[in-house]
Amino acid sequence: MRLVNLLKAKIHHARVSYANAEYVGSIEICRKVMEHVRLTNGEFVFVWDVENGERFTTYCFEGEEGIIGVNGAAAKRVNVGDRLIIAAFVYTDETVVPKMVLLDEKNAIVRDMTPYSRHG
């Protein structure tokens with residue numbers, strides 16, 4: 001069996017609602033968004049700041065509607081209002097169709113960007 005690391009989920013233009021350097025770490029993501037892209041509490045994610053180019057990794061947990069909060073040391077790499085791309089990958093030997101969404105300035109899903117599978 002050969003495992004490859006494939007994109008599983010991607011959230012485009014998530015807006016930072018708060019940045020709290022005093023919290024022990026992680027990123028809080030609106031529960032509805034997490035469910036839509038099939039992220040799990042505690043899952044490892046990559047975070048890329050569109051405004052300043054900063055990149056970091058952390059784990060995610062579900063939060064209140066409209067909230068995207070960056071905690072711990074990573075909070076010093078973002079500003080409230082910054083647009084983020086949040087991505088998760090999975091090691092698998094199966095075909096994966098990544099769940100992808102575009103958010104508006106209030107972190108509501110405005111478009112499902114999930115590609116269609118060529119494999120049915």
# chains A, B, ... in the order shown; residues from 1 in each chain; ligands from 1
>>> select_by_dssp(residues="range 13-119 of chain A", states="strand (DSSP E)", output="short mmCIF file (atom, residue, chain, number, x, y, z; two decimals) with N, CA and C atoms, in the first residue's frame")
data_model
loop_
_atom_site.label_atom_id
_atom_site.label_comp_id
_atom_site.auth_asym_id
_atom_site.auth_seq_id
_atom_site.Cartn_x
_atom_site.Cartn_y
_atom_site.Cartn_z
N HIS A 13 -10.69 32.58 2.65
CA HIS A 13 -11.05 33.93 3.12
C HIS A 13 -11.79 33.95 4.45
N ALA A 14 -11.41 33.04 5.34
CA ALA A 14 -11.91 33.11 6.72
C ALA A 14 -11.36 34.40 7.32
N ARG A 15 -12.20 35.18 7.95
CA ARG A 15 -11.78 36.46 8.55
C ARG A 15 -11.48 36.27 10.03
N TYR A 18 -10.87 37.31 16.22
CA TYR A 18 -10.08 37.72 17.38
C TYR A 18 -8.73 37.01 17.32
N ALA A 19 -7.76 37.59 18.00
CA ALA A 19 -6.42 37.00 18.15
C ALA A 19 -6.06 37.11 19.63
N ASN A 20 -5.86 35.96 20.29
CA ASN A 20 -5.63 35.93 21.73
C ASN A 20 -4.33 35.20 22.05
N SER A 26 -4.12 27.05 19.23
CA SER A 26 -5.17 26.51 18.37
C SER A 26 -5.88 27.58 17.56
N ILE A 27 -6.81 27.14 16.71
CA ILE A 27 -7.66 28.05 15.95
C ILE A 27 -9.10 27.62 16.16
N GLU A 28 -9.94 28.58 16.51
CA GLU A 28 -11.37 28.34 16.68
C GLU A 28 -12.06 28.64 15.36
N ILE A 29 -12.85 27.68 14.89
CA ILE A 29 -13.54 27.82 13.60
C ILE A 29 -15.03 27.57 13.82
N CYS A 30 -15.84 28.42 13.23
CA CYS A 30 -17.30 28.27 13.29
C CYS A 30 -17.70 26.82 13.06
N PHE A 44 -5.27 18.60 12.87
CA PHE A 44 -4.13 19.41 12.46
C PHE A 44 -4.50 20.20 11.21
N VAL A 45 -4.23 21.51 11.23
CA VAL A 45 -4.52 22.35 10.07
C VAL A 45 -3.35 23.28 9.76
N PHE A 46 -3.26 23.64 8.51
CA PHE A 46 -2.32 24.66 8.04
C PHE A 46 -3.11 25.95 7.91
N VAL A 47 -2.50 27.07 8.29
CA VAL A 47 -3.17 28.37 8.22
C VAL A 47 -2.24 29.32 7.46
N TRP A 48 -2.79 29.97 6.44
CA TRP A 48 -2.03 30.90 5.61
C TRP A 48 -2.74 32.24 5.61
N ASP A 49 -2.04 33.31 6.02
CA ASP A 49 -2.62 34.65 6.10
C ASP A 49 -2.45 35.32 4.73
N ARG A 55 2.53 32.00 7.72
CA ARG A 55 2.03 30.63 7.65
C ARG A 55 2.33 29.95 8.98
N PHE A 56 1.38 29.15 9.46
CA PHE A 56 1.61 28.38 10.68
C PHE A 56 0.70 27.16 10.68
N THR A 57 1.00 26.25 11.58
CA THR A 57 0.18 25.05 11.77
C THR A 57 -0.32 25.03 13.20
N THR A 58 -1.47 24.41 13.40
CA THR A 58 -2.06 24.30 14.73
C THR A 58 -3.14 23.23 14.64
N TYR A 59 -3.97 23.15 15.68
CA TYR A 59 -5.14 22.27 15.63
C TYR A 59 -6.38 23.14 15.72
N CYS A 60 -7.50 22.62 15.25
CA CYS A 60 -8.74 23.40 15.25
C CYS A 60 -9.73 22.85 16.27
N PHE A 61 -10.62 23.74 16.68
CA PHE A 61 -11.77 23.31 17.49
C PHE A 61 -12.97 24.15 17.09
N GLU A 62 -14.17 23.59 17.26
CA GLU A 62 -15.36 24.29 16.80
C GLU A 62 -15.79 25.39 17.76
N GLY A 63 -16.30 26.46 17.14
CA GLY A 63 -16.72 27.62 17.91
C GLY A 63 -18.09 28.11 17.49
N ILE A 68 -13.84 33.03 13.81
CA ILE A 68 -12.54 32.46 13.46
C ILE A 68 -11.55 33.13 14.40
N GLY A 69 -11.05 32.38 15.38
CA GLY A 69 -10.17 32.96 16.38
C GLY A 69 -8.82 32.28 16.40
N VAL A 70 -7.77 33.07 16.38
CA VAL A 70 -6.40 32.55 16.40
C VAL A 70 -5.84 32.73 17.80
N ASN A 71 -5.33 31.66 18.38
CA ASN A 71 -4.89 31.65 19.77
C ASN A 71 -3.41 31.32 19.91
N ARG A 83 -7.68 38.00 6.17
CA ARG A 83 -8.24 36.83 5.48
C ARG A 83 -7.26 35.67 5.61
N LEU A 84 -7.79 34.50 5.96
CA LEU A 84 -6.98 33.30 6.11
C LEU A 84 -7.44 32.22 5.14
N ILE A 85 -6.51 31.38 4.75
CA ILE A 85 -6.82 30.12 4.10
C ILE A 85 -6.46 29.04 5.11
N ILE A 86 -7.40 28.15 5.39
CA ILE A 86 -7.20 27.07 6.35
C ILE A 86 -7.33 25.76 5.58
N ALA A 87 -6.33 24.89 5.70
CA ALA A 87 -6.34 23.64 4.93
C ALA A 87 -5.97 22.46 5.81
N ALA A 88 -6.55 21.31 5.49
CA ALA A 88 -6.22 20.06 6.16
C ALA A 88 -5.93 19.01 5.11
N PHE A 89 -5.01 18.13 5.42
CA PHE A 89 -4.59 17.07 4.52
C PHE A 89 -4.77 15.72 5.19
N VAL A 90 -4.81 14.67 4.39
CA VAL A 90 -4.98 13.32 4.93
C VAL A 90 -4.05 12.37 4.18
N TYR A 91 -3.42 11.46 4.92
CA TYR A 91 -2.65 10.38 4.31
C TYR A 91 -3.62 9.26 3.97
N THR A 92 -3.65 8.86 2.70
CA THR A 92 -4.61 7.84 2.27
C THR A 92 -4.12 7.11 1.04
N LYS A 99 -13.27 18.95 0.35
CA LYS A 99 -14.37 19.87 0.60
C LYS A 99 -13.77 21.26 0.69
N MET A 100 -14.28 22.19 -0.12
CA MET A 100 -13.72 23.54 -0.18
C MET A 100 -14.84 24.55 -0.15
N VAL A 101 -14.64 25.62 0.64
CA VAL A 101 -15.65 26.69 0.73
C VAL A 101 -15.00 28.06 0.67
N LEU A 102 -15.79 29.03 0.25
CA LEU A 102 -15.41 30.44 0.26
C LEU A 102 -16.32 31.13 1.28
N LEU A 103 -15.72 31.90 2.18
CA LEU A 103 -16.48 32.60 3.21
C LEU A 103 -16.58 34.09 2.89
N ILE A 109 -20.61 30.81 4.81
CA ILE A 109 -20.29 30.17 3.53
C ILE A 109 -21.09 30.85 2.43
N VAL A 110 -20.37 31.37 1.43
CA VAL A 110 -21.04 32.00 0.29
C VAL A 110 -20.95 31.14 -0.96
N ARG A 111 -19.99 30.22 -0.97
CA ARG A 111 -19.88 29.33 -2.13
C ARG A 111 -19.20 28.03 -1.73
N ASP A 112 -19.79 26.93 -2.14
CA ASP A 112 -19.14 25.63 -2.00
C ASP A 112 -18.28 25.46 -3.24
#
>>> closest_residue(among="A:Ala21, A:Val50, A:His12, A:Val4", to="Ala74 in chain A", atoms="only C-alpha atoms")
A:Ala21
>>> closest_residue(among="A:Val78, A:Ala73, A:Ala9, A:Met1", to="Glu22 in chain A", atoms="only C-alpha atoms")
A:Ala73
>>> atom_distance(atom1="CA of Val16 in chain A", atom2="CA of Ala108 in chain A")
12.6 Å
>>> closest_residue(among="A:Met34, A:Val24, A:Ile67, A:Val97", to="Lys8 in chain A", atoms="only C-alpha atoms")
A:Val97
>>> atom_distance(atom1="CA of Asn107 in chain A", atom2="CA of Gly53 in chain A")
19.9 Å
>>> atom_distance(atom1="CA of Val96 in chain A", atom2="CA of Glu64 in chain A")
28.2 Å
>>> closest_residue(among="A:Asp82, A:Gly25, A:Lys32, A:Val37", to="Thr114 in chain A", atoms="only C-alpha atoms")
A:Val37
